[in-house]
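Below: start_19.txt (compact mmCIF, C-alpha atoms)
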```
# COMPACT_ATOMS: atom_id res chain seq x y z
CA MET A 1 32.11 85.73 -6.17
CA ILE A 2 32.15 82.05 -7.11
CA PRO A 3 28.54 80.77 -7.47
CA THR A 4 27.29 78.56 -4.62
CA ARG A 5 26.86 75.60 -6.96
CA TRP A 6 30.51 75.64 -8.03
CA ARG A 7 31.73 76.12 -4.45
CA ALA A 8 29.69 73.04 -3.59
CA TYR A 9 31.33 71.11 -6.43
CA GLY A 10 34.77 72.11 -5.12
CA GLY A 11 33.86 71.10 -1.58
CA VAL A 12 32.62 67.68 -2.69
CA ALA A 13 35.79 67.14 -4.74
CA LEU A 14 37.86 67.83 -1.60
CA SER A 15 35.54 65.56 0.39
CA ALA A 16 36.19 62.77 -2.13
CA ALA A 17 39.97 63.24 -1.95
CA LEU A 18 39.92 63.07 1.86
CA PHE A 19 37.79 59.93 1.83
CA GLY A 20 39.95 58.32 -0.86
CA ALA A 21 43.01 58.84 1.33
CA ALA A 22 41.32 56.73 4.04
CA PHE A 23 41.71 53.53 2.02
CA PRO A 24 45.52 53.13 2.03
CA LEU A 25 45.76 54.64 5.53
CA SER A 26 43.12 52.23 6.86
CA LYS A 27 44.84 49.35 5.09
CA ARG A 28 47.96 50.10 7.13
CA LEU A 29 45.97 50.31 10.35
CA LEU A 30 44.27 46.97 9.66
CA ALA A 31 47.64 45.30 10.16
CA GLU A 32 47.29 46.17 13.87
CA VAL A 33 43.56 46.69 14.48
CA HIS A 34 40.52 44.44 13.86
CA PRO A 35 37.96 45.94 11.41
CA LEU A 36 35.34 46.37 14.18
CA GLY A 37 37.73 48.20 16.45
CA LEU A 38 39.08 50.33 13.64
CA ALA A 39 35.56 51.33 12.54
CA GLY A 40 34.95 52.51 16.09
CA LEU A 41 38.15 54.54 16.29
CA LEU A 42 37.68 56.15 12.85
CA TYR A 43 34.14 57.32 13.56
CA LEU A 44 34.90 58.35 17.11
CA GLY A 45 37.74 60.46 15.74
CA SER A 46 35.34 61.89 13.20
CA GLY A 47 32.79 62.91 15.82
CA LEU A 48 35.29 64.23 18.36
CA GLY A 49 37.24 66.19 15.76
CA ILE A 50 34.22 67.92 14.23
CA GLY A 51 32.62 68.34 17.65
CA ALA A 52 35.76 70.12 18.87
CA VAL A 53 35.65 72.47 15.87
CA ARG A 54 32.00 73.27 16.58
CA VAL A 55 32.67 73.96 20.27
CA PHE A 56 35.66 76.15 19.35
CA LEU A 57 33.60 78.23 16.91
CA ARG A 58 30.81 78.73 19.43
CA ALA A 59 33.34 79.65 22.18
CA ARG A 60 34.81 82.30 19.88
CA GLY A 61 31.33 83.69 19.24
CA ARG A 62 31.42 82.63 15.61
CA SER A 63 27.97 81.24 14.95
CA THR A 64 27.62 79.02 11.88
CA ARG A 65 24.10 80.44 11.43
CA GLU A 66 22.83 76.96 10.66
CA ALA A 67 19.57 75.27 11.58
CA ARG A 68 19.85 72.93 14.58
CA LEU A 69 18.72 69.32 14.61
CA THR A 70 15.24 68.82 16.09
CA ARG A 71 13.33 65.90 17.57
CA SER A 72 11.52 65.40 14.27
CA ASP A 73 14.89 64.59 12.66
CA SER A 74 15.58 61.65 14.99
CA GLY A 75 14.29 58.97 12.60
CA TRP A 76 16.46 60.06 9.69
CA LEU A 77 19.41 60.61 12.04
CA ALA A 78 19.09 57.05 13.38
CA GLY A 79 19.14 55.75 9.81
CA VAL A 80 22.24 57.83 9.05
CA ILE A 81 24.07 56.45 12.10
CA LEU A 82 23.13 52.80 11.55
CA ALA A 83 23.58 52.67 7.76
CA GLY A 84 26.46 55.10 7.28
CA GLY A 85 28.21 54.99 10.65
CA VAL A 86 27.89 51.33 11.62
CA ALA A 87 27.07 49.02 8.68
CA GLY A 88 28.99 50.95 6.00
CA PRO A 89 32.41 51.25 7.68
CA ILE A 90 32.35 47.75 9.18
CA LEU A 91 31.56 46.17 5.81
CA LEU A 92 34.14 48.40 4.13
CA LEU A 93 36.93 47.46 6.52
CA MET A 94 36.02 43.77 6.38
CA GLY A 95 36.26 43.95 2.60
CA LEU A 96 39.42 46.05 2.70
CA ASP A 97 41.02 43.45 4.97
CA ARG A 98 40.60 40.94 2.12
CA THR A 99 41.45 43.09 -0.92
CA PRO A 100 44.09 45.66 -1.95
CA ALA A 101 43.36 49.25 -0.90
CA HIS A 102 42.93 50.60 -4.43
CA VAL A 103 40.53 47.77 -5.32
CA GLY A 104 38.55 48.48 -2.16
CA ALA A 105 38.20 52.14 -3.15
CA LEU A 106 37.04 51.28 -6.66
CA LEU A 107 34.43 48.77 -5.49
CA ALA A 108 33.16 50.92 -2.63
CA ASN A 109 32.66 53.54 -5.34
CA THR A 110 29.45 51.73 -6.29
CA GLU A 111 28.04 53.86 -3.47
CA THR A 112 27.37 56.34 -6.28
CA LEU A 113 25.22 53.92 -8.21
CA PHE A 114 23.26 52.80 -5.15
CA THR A 115 22.72 56.43 -4.10
CA VAL A 116 21.38 57.39 -7.52
CA VAL A 117 19.06 54.39 -7.85
CA ILE A 118 17.63 54.81 -4.33
CA ALA A 119 17.24 58.58 -4.83
CA LEU A 120 15.45 58.01 -8.12
CA LEU A 121 13.09 55.26 -6.92
CA PHE A 122 12.25 56.41 -3.41
CA PHE A 123 13.27 60.04 -2.73
CA GLY A 124 12.03 62.07 -5.69
CA ASP A 125 15.37 62.64 -7.40
CA PHE A 126 15.64 62.59 -11.19
CA LEU A 127 18.06 61.37 -13.87
CA THR A 128 18.59 62.51 -17.42
CA ARG A 129 19.63 60.21 -20.26
CA ARG A 130 23.25 61.25 -19.84
CA GLU A 131 23.14 60.41 -16.15
CA ILE A 132 21.62 57.01 -16.90
CA THR A 133 24.55 56.42 -19.27
CA GLY A 134 26.91 57.39 -16.46
CA ALA A 135 25.27 54.84 -14.16
CA ALA A 136 25.75 52.14 -16.81
CA VAL A 137 29.44 53.07 -17.11
CA ILE A 138 29.86 52.73 -13.33
CA VAL A 139 28.20 49.30 -13.34
CA THR A 140 30.55 48.14 -16.09
CA GLY A 141 33.61 49.39 -14.25
CA ALA A 142 32.52 47.89 -10.94
CA THR A 143 31.94 44.51 -12.61
CA LEU A 144 35.46 44.51 -14.09
CA VAL A 145 37.08 45.57 -10.81
CA GLY A 146 35.08 43.05 -8.80
CA TRP A 147 35.95 40.16 -11.12
CA SER A 148 39.63 41.14 -11.15
CA SER A 149 39.85 41.31 -7.34
CA ALA A 150 37.84 38.12 -6.79
CA ALA A 151 39.90 35.98 -9.15
CA GLN A 152 43.04 35.04 -7.21
CA GLY A 153 45.26 32.03 -7.78
CA GLY A 154 42.92 30.50 -10.35
CA SER A 155 39.93 30.37 -7.95
CA ILE A 156 37.18 32.83 -7.11
CA HIS A 157 37.09 34.58 -3.71
CA TRP A 158 34.08 36.86 -3.52
CA ALA A 159 34.01 37.57 0.24
CA GLY A 160 36.02 40.80 0.02
CA PRO A 161 34.31 42.26 -3.07
CA LEU A 162 30.83 41.39 -1.75
CA CYS A 163 31.56 43.15 1.56
CA LEU A 164 32.70 46.21 -0.37
CA LEU A 165 29.60 46.20 -2.57
CA ALA A 166 27.43 45.87 0.56
CA SER A 167 29.21 48.87 2.07
CA GLY A 168 28.35 50.81 -1.09
CA LEU A 169 24.68 49.91 -0.59
CA ALA A 170 24.81 50.96 3.08
CA TRP A 171 26.32 54.33 2.19
CA GLY A 172 23.85 54.73 -0.66
CA LEU A 173 21.08 54.54 1.94
CA ASP A 174 23.06 56.84 4.24
CA ASN A 175 23.44 59.49 1.51
CA ASN A 176 19.72 59.58 0.84
CA PHE A 177 18.87 59.70 4.55
CA THR A 178 21.41 62.51 5.01
CA GLN A 179 19.84 64.41 2.11
CA ARG A 180 16.71 64.73 4.26
CA LEU A 181 18.83 66.41 6.96
CA SER A 182 21.05 68.52 4.69
CA GLY A 183 19.28 71.75 5.67
CA ARG A 184 20.55 71.29 9.24
CA ASP A 185 23.96 72.23 10.67
CA PRO A 186 26.50 69.90 8.96
CA LEU A 187 28.93 70.21 11.88
CA GLU A 188 26.24 69.05 14.32
CA ILE A 189 25.19 66.14 12.07
CA ALA A 190 28.80 64.98 11.60
CA ALA A 191 29.59 65.26 15.32
CA VAL A 192 26.50 63.36 16.47
CA LYS A 193 26.87 60.69 13.78
CA GLY A 194 30.58 60.20 14.47
CA ILE A 195 30.38 59.93 18.25
CA ALA A 196 27.26 57.72 18.23
CA ALA A 197 28.58 55.39 15.52
CA GLY A 198 32.02 55.26 17.11
CA LEU A 199 30.62 54.18 20.47
CA VAL A 200 28.34 51.57 18.86
CA ASN A 201 31.20 50.12 16.83
CA LEU A 202 33.52 49.98 19.83
CA GLY A 203 30.76 48.28 21.81
CA LEU A 204 30.39 45.67 19.06
CA ALA A 205 34.17 45.21 19.05
CA LYS A 206 34.13 44.61 22.81
CA ILE A 207 31.35 42.03 22.51
CA ALA A 208 33.13 40.26 19.63
CA GLY A 209 36.47 40.17 21.43
CA ALA A 210 37.98 42.58 18.92
CA TRP A 211 38.71 45.51 21.25
CA PRO A 212 41.55 47.65 19.78
CA ASP A 213 44.31 46.81 22.29
CA ILE A 214 46.90 49.04 20.63
CA GLY A 215 49.48 51.64 21.50
CA LEU A 216 48.68 55.32 22.02
CA LYS A 217 50.47 56.32 18.79
CA THR A 218 48.39 53.95 16.64
CA ALA A 219 45.16 54.98 18.36
CA ALA A 220 45.95 58.68 17.88
CA PHE A 221 46.73 58.09 14.20
CA ALA A 222 43.39 56.28 13.71
CA LEU A 223 41.51 59.13 15.41
CA LEU A 224 43.32 61.67 13.23
CA VAL A 225 42.48 59.78 10.03
CA GLY A 226 38.86 59.64 11.19
CA SER A 227 38.76 63.39 11.88
CA PHE A 228 39.78 64.31 8.34
CA SER A 229 38.86 61.39 6.07
CA TYR A 230 35.47 60.83 7.68
CA GLY A 231 34.63 63.96 9.72
CA LEU A 232 35.70 66.86 7.50
CA SER A 233 34.83 64.83 4.42
CA MET A 234 31.32 64.28 5.82
CA VAL A 235 30.75 67.98 6.51
CA LEU A 236 31.73 68.94 2.96
CA PHE A 237 29.57 66.13 1.58
CA ILE A 238 26.50 67.31 3.52
CA VAL A 239 26.91 70.84 2.16
CA GLY A 240 27.09 69.30 -1.32
CA LEU A 241 23.86 67.37 -0.71
CA ARG A 242 22.15 70.61 0.25
CA HIS A 243 23.10 72.44 -2.96
CA LEU A 244 23.45 69.65 -5.54
CA GLY A 245 21.15 66.83 -4.46
CA ALA A 246 22.06 63.24 -3.66
CA ALA A 247 22.63 62.00 -7.22
CA ARG A 248 25.05 64.70 -8.37
CA THR A 249 26.90 64.94 -5.08
CA SER A 250 27.52 61.20 -5.10
CA ALA A 251 28.54 61.29 -8.76
CA LEU A 252 31.31 63.79 -8.01
CA PHE A 253 32.22 61.92 -4.84
CA ALA A 254 32.94 58.92 -7.07
CA THR A 255 36.29 60.53 -7.88
CA ALA A 256 37.50 59.32 -4.45
CA PRO A 257 39.24 56.25 -5.94
CA ALA A 258 41.62 58.55 -7.83
CA ALA A 259 43.20 59.65 -4.54
CA ALA A 260 43.06 56.08 -3.21
CA VAL A 261 44.85 54.61 -6.23
CA VAL A 262 47.61 57.24 -6.18
CA LEU A 263 48.23 56.94 -2.42
CA SER A 264 48.00 53.14 -2.51
CA TRP A 265 50.73 53.14 -5.14
CA ALA A 266 52.86 55.63 -3.18
CA LEU A 267 52.39 54.25 0.36
CA LEU A 268 51.73 50.55 -0.16
CA GLY A 269 53.37 49.84 -3.51
CA GLU A 270 50.10 48.52 -4.95
CA VAL A 271 50.19 48.54 -8.75
CA PRO A 272 46.72 47.99 -10.28
CA ALA A 273 46.27 44.87 -12.42
CA THR A 274 45.31 45.43 -16.05
CA LEU A 275 41.66 44.48 -15.55
CA THR A 276 41.43 46.59 -12.38
CA ALA A 277 42.91 49.60 -14.19
CA LEU A 278 40.44 49.09 -17.04
CA GLY A 279 37.55 48.98 -14.56
CA GLY A 280 38.82 52.14 -12.90
CA ALA A 281 38.97 53.81 -16.30
CA PHE A 282 35.22 53.19 -16.57
CA LEU A 283 34.39 54.20 -13.00
CA ILE A 284 36.09 57.54 -12.58
CA PRO A 285 35.52 59.43 -15.86
CA GLY A 286 31.90 58.26 -15.92
CA THR A 287 31.13 60.69 -13.12
CA TRP A 288 31.56 63.63 -15.47
CA LEU A 289 28.48 62.50 -17.35
CA PHE A 290 26.57 63.59 -14.25
CA ILE A 291 28.38 66.87 -13.63
CA ARG A 292 28.30 68.23 -17.18
CA ASP A 293 24.62 67.62 -17.72
CA GLN A 294 22.32 70.66 -17.86
CA HIS A 295 18.74 70.35 -16.69
CA ALA A 296 16.20 73.16 -17.14
CA HIS A 297 12.44 73.18 -17.64
CA PHE A 298 9.33 75.00 -16.50
CA HIS A 299 8.45 73.77 -13.01
CA VAL A 300 6.20 74.59 -10.07
CA HIS A 301 7.27 75.10 -6.46
CA ASP A 302 4.45 74.14 -4.11
CA VAL A 303 3.98 75.88 -0.77
CA LEU A 304 6.77 74.78 1.56
CA GLU A 305 7.77 75.69 5.11
CA HIS A 306 11.17 74.71 6.50
CA GLU A 307 14.39 76.00 8.06
CA HIS A 308 17.94 76.12 6.69
CA ARG A 309 20.85 78.50 6.09
CA HIS A 310 20.09 80.71 3.09
CA LEU A 311 20.61 83.93 1.18
CA HIS A 312 17.72 85.90 -0.28
CA ASP A 313 17.31 84.95 -3.91
CA GLU A 314 14.32 84.29 -6.14
CA HIS A 315 13.43 81.28 -4.01
CA HIS A 316 13.66 83.20 -0.72
CA ALA A 317 11.55 86.32 -1.09
CA HIS A 318 9.94 86.02 2.34
CA GLU A 319 9.29 88.51 5.13
CA HIS A 320 11.38 88.88 8.30
CA ARG A 321 10.75 89.83 11.91
CA GLY A 322 13.97 91.86 12.04
CA ASP A 323 16.02 89.74 14.47
CA GLU A 324 17.27 87.09 12.02
CA GLY A 325 20.76 88.57 11.74
CA PRO A 326 22.92 89.18 8.65
CA GLU A 327 22.83 86.92 5.62
CA PRO A 328 23.40 84.09 5.24
CA HIS A 329 21.20 83.23 8.16
CA SER A 330 18.84 80.50 9.29
CA HIS A 331 15.24 80.77 10.43
CA ARG A 332 11.95 79.07 9.71
CA HIS A 333 10.42 80.52 6.56
CA ARG A 334 7.60 79.89 4.12
CA HIS A 335 7.86 79.47 0.36
CA GLU A 336 4.76 80.54 -1.50
CA LYS A 337 3.78 78.84 -4.75
CA LEU A 338 6.18 79.80 -7.54
CA GLU A 339 6.25 78.90 -11.25
CA HIS A 340 9.34 79.56 -13.37
CA GLU A 341 12.09 78.03 -15.51
CA HIS A 342 15.85 77.92 -14.89
CA PRO A 343 18.73 75.40 -14.74
CA HIS A 344 18.52 73.43 -11.50
CA VAL A 345 19.49 70.28 -9.66
CA SER A 346 17.60 68.21 -7.10
CA ASP A 347 18.45 70.40 -4.11
CA LEU A 348 16.28 71.31 -1.13
CA HIS A 349 13.90 73.31 -3.32
CA HIS A 350 13.75 71.21 -6.49
CA ARG A 351 12.44 67.77 -5.64
CA HIS A 352 9.51 67.86 -8.03
CA GLY A 353 8.12 65.31 -10.46
CA HIS A 354 9.31 64.99 -14.06
```

Turn the structure described in the file into structure tokens.
Amino acid sequence: MIPTRWRAYGGVALSAALFGAAFPLSKRLLAEVHPLGLAGLLYLGSGLGIGAVRVFLRARGRSTREARLTRSDSGWLAGVILAGGVAGPILLLMGLDRTPAHVGALLANTETLFTVVIALLFFGDFLTRREITGAAVIVTGATLVGWSSAAQGGSIHWAGPLCLLASGLAWGLDNNFTQRLSGRDPLEIAAVKGIAAGLVNLGLAKIAGAWPDIGLKTAAFALLVGSFSYGLSMVLFIVGLRHLGAARTSALFATAPAAAVVLSWALLGEVPATLTALGGAFLIPGTWLFIRDQHAHFHVHDVLEHEHRHLHDEHHAHEHRGDEGPEPHSHRHRHEKLEHEHPHVSDLHHRHGH
């Protein structure tokens, strides 16, 4: 059986490819739909699509055996919706409306850097020297891409790049907020986030006079793009956060521009400028500095009580009532104090000091 960690890596890689595809597809849709209206349709499609999958699974009696959202999660969930479902996509589409699709993908990729810095400073994540080098590589690449896209016709136009960088910051916050919820059902999180954010964005579009007055075919296409490039991508990303932590999940997710560049070339005929290509060469390979790093040391697990989907390994040697069902399953459980050494990442059980 493929280890959980490597399955998580594969899932995040697919998540990145799906999200990368959204850039050229959204660029096409922006020719007919205002950014506010499109943000609403994309996230509404995300929530409805994943919500439909969840309802279908439950109707067929196929429980996901995941922990449900609770009232205590409402604060983090609100942050996820506002930062990642409202601010992030609106800023992204405003920036994408002013820059080529492949440039938008490369600049929005600074989400990785913002995620890592916020995780390190405020959420107990950790970085090794190699990962710090990777962050520096991303900064260098983003600077080159931003300068290349801002310099047009001999003058500097920073509106598009700045919107894209701001979207990266918004999603950096979103990723760290979502990390706090990653033990919950990813289908439920994605459905609630998508529907709530979609309705908020459409409400803002109505107020701003940017309601998407478009044909049924265009609306259906936008909802479909949202279902896969935002909805399914989000579910896979949340599972990655659970098993890999915010920093490493975001580092692998930074490969999204690869799909965006290829599809932008194929669908829109966008050929990257020399400086943009050079910046991309810094951005994408730099993520491997995160993935290849090995981190192991003697560490202590303090007493912890929580609920999430799990198998019984060295971290889950707890007692059962007998009605929890087959593994993997979800129930509230207690971790006693444990001291040991093994390779690990900053997942649900390894958010200790260094």

Would you mind listing what lies within 10 Å of range 6-15 of chain A as a PyMOL selection string, with all atoms listed in the file counted and same-chain residues fewer than 5 positions away left out?
-> chain A and resi 1+20+228-244+248-256+291

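For the pair CA of Lys217 in chain A and CA of Leu29 in chain A, the interatomic distance is 11.3 Å.
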
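In terms of minimum interatomic distance to Gly84 in chain A, A:Asn176 ranks closest within A:Asn176, A:Asn109, A:Thr70, A:Thr99, counting only C-alpha atoms.
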
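The residue that comes closest to Ala16 in chain A, out of A:Ala31, A:Ala258, A:Leu57, A:Ile207 and on the basis of all atoms listed in the file, is A:Ala258.
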
Using all atoms listed in the file, determine which residues lie at most 9 Å from Leu25 in chain A, disregarding the query and same-chain residues fewer than 5 positions distant; provide the list as a ChimeraX atom specification.
-> /A:30,101,222,225,263-264,267

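Here CA of Ile81 in chain A is placed at a distance of 25.6 Å from CA of Ala259 in chain A.
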
Nearest-residue call for Phe177 in chain A, choices A:Ala135, A:Ile50, A:Ala59, A:Ile118, using all atoms listed in the file = A:Ile118
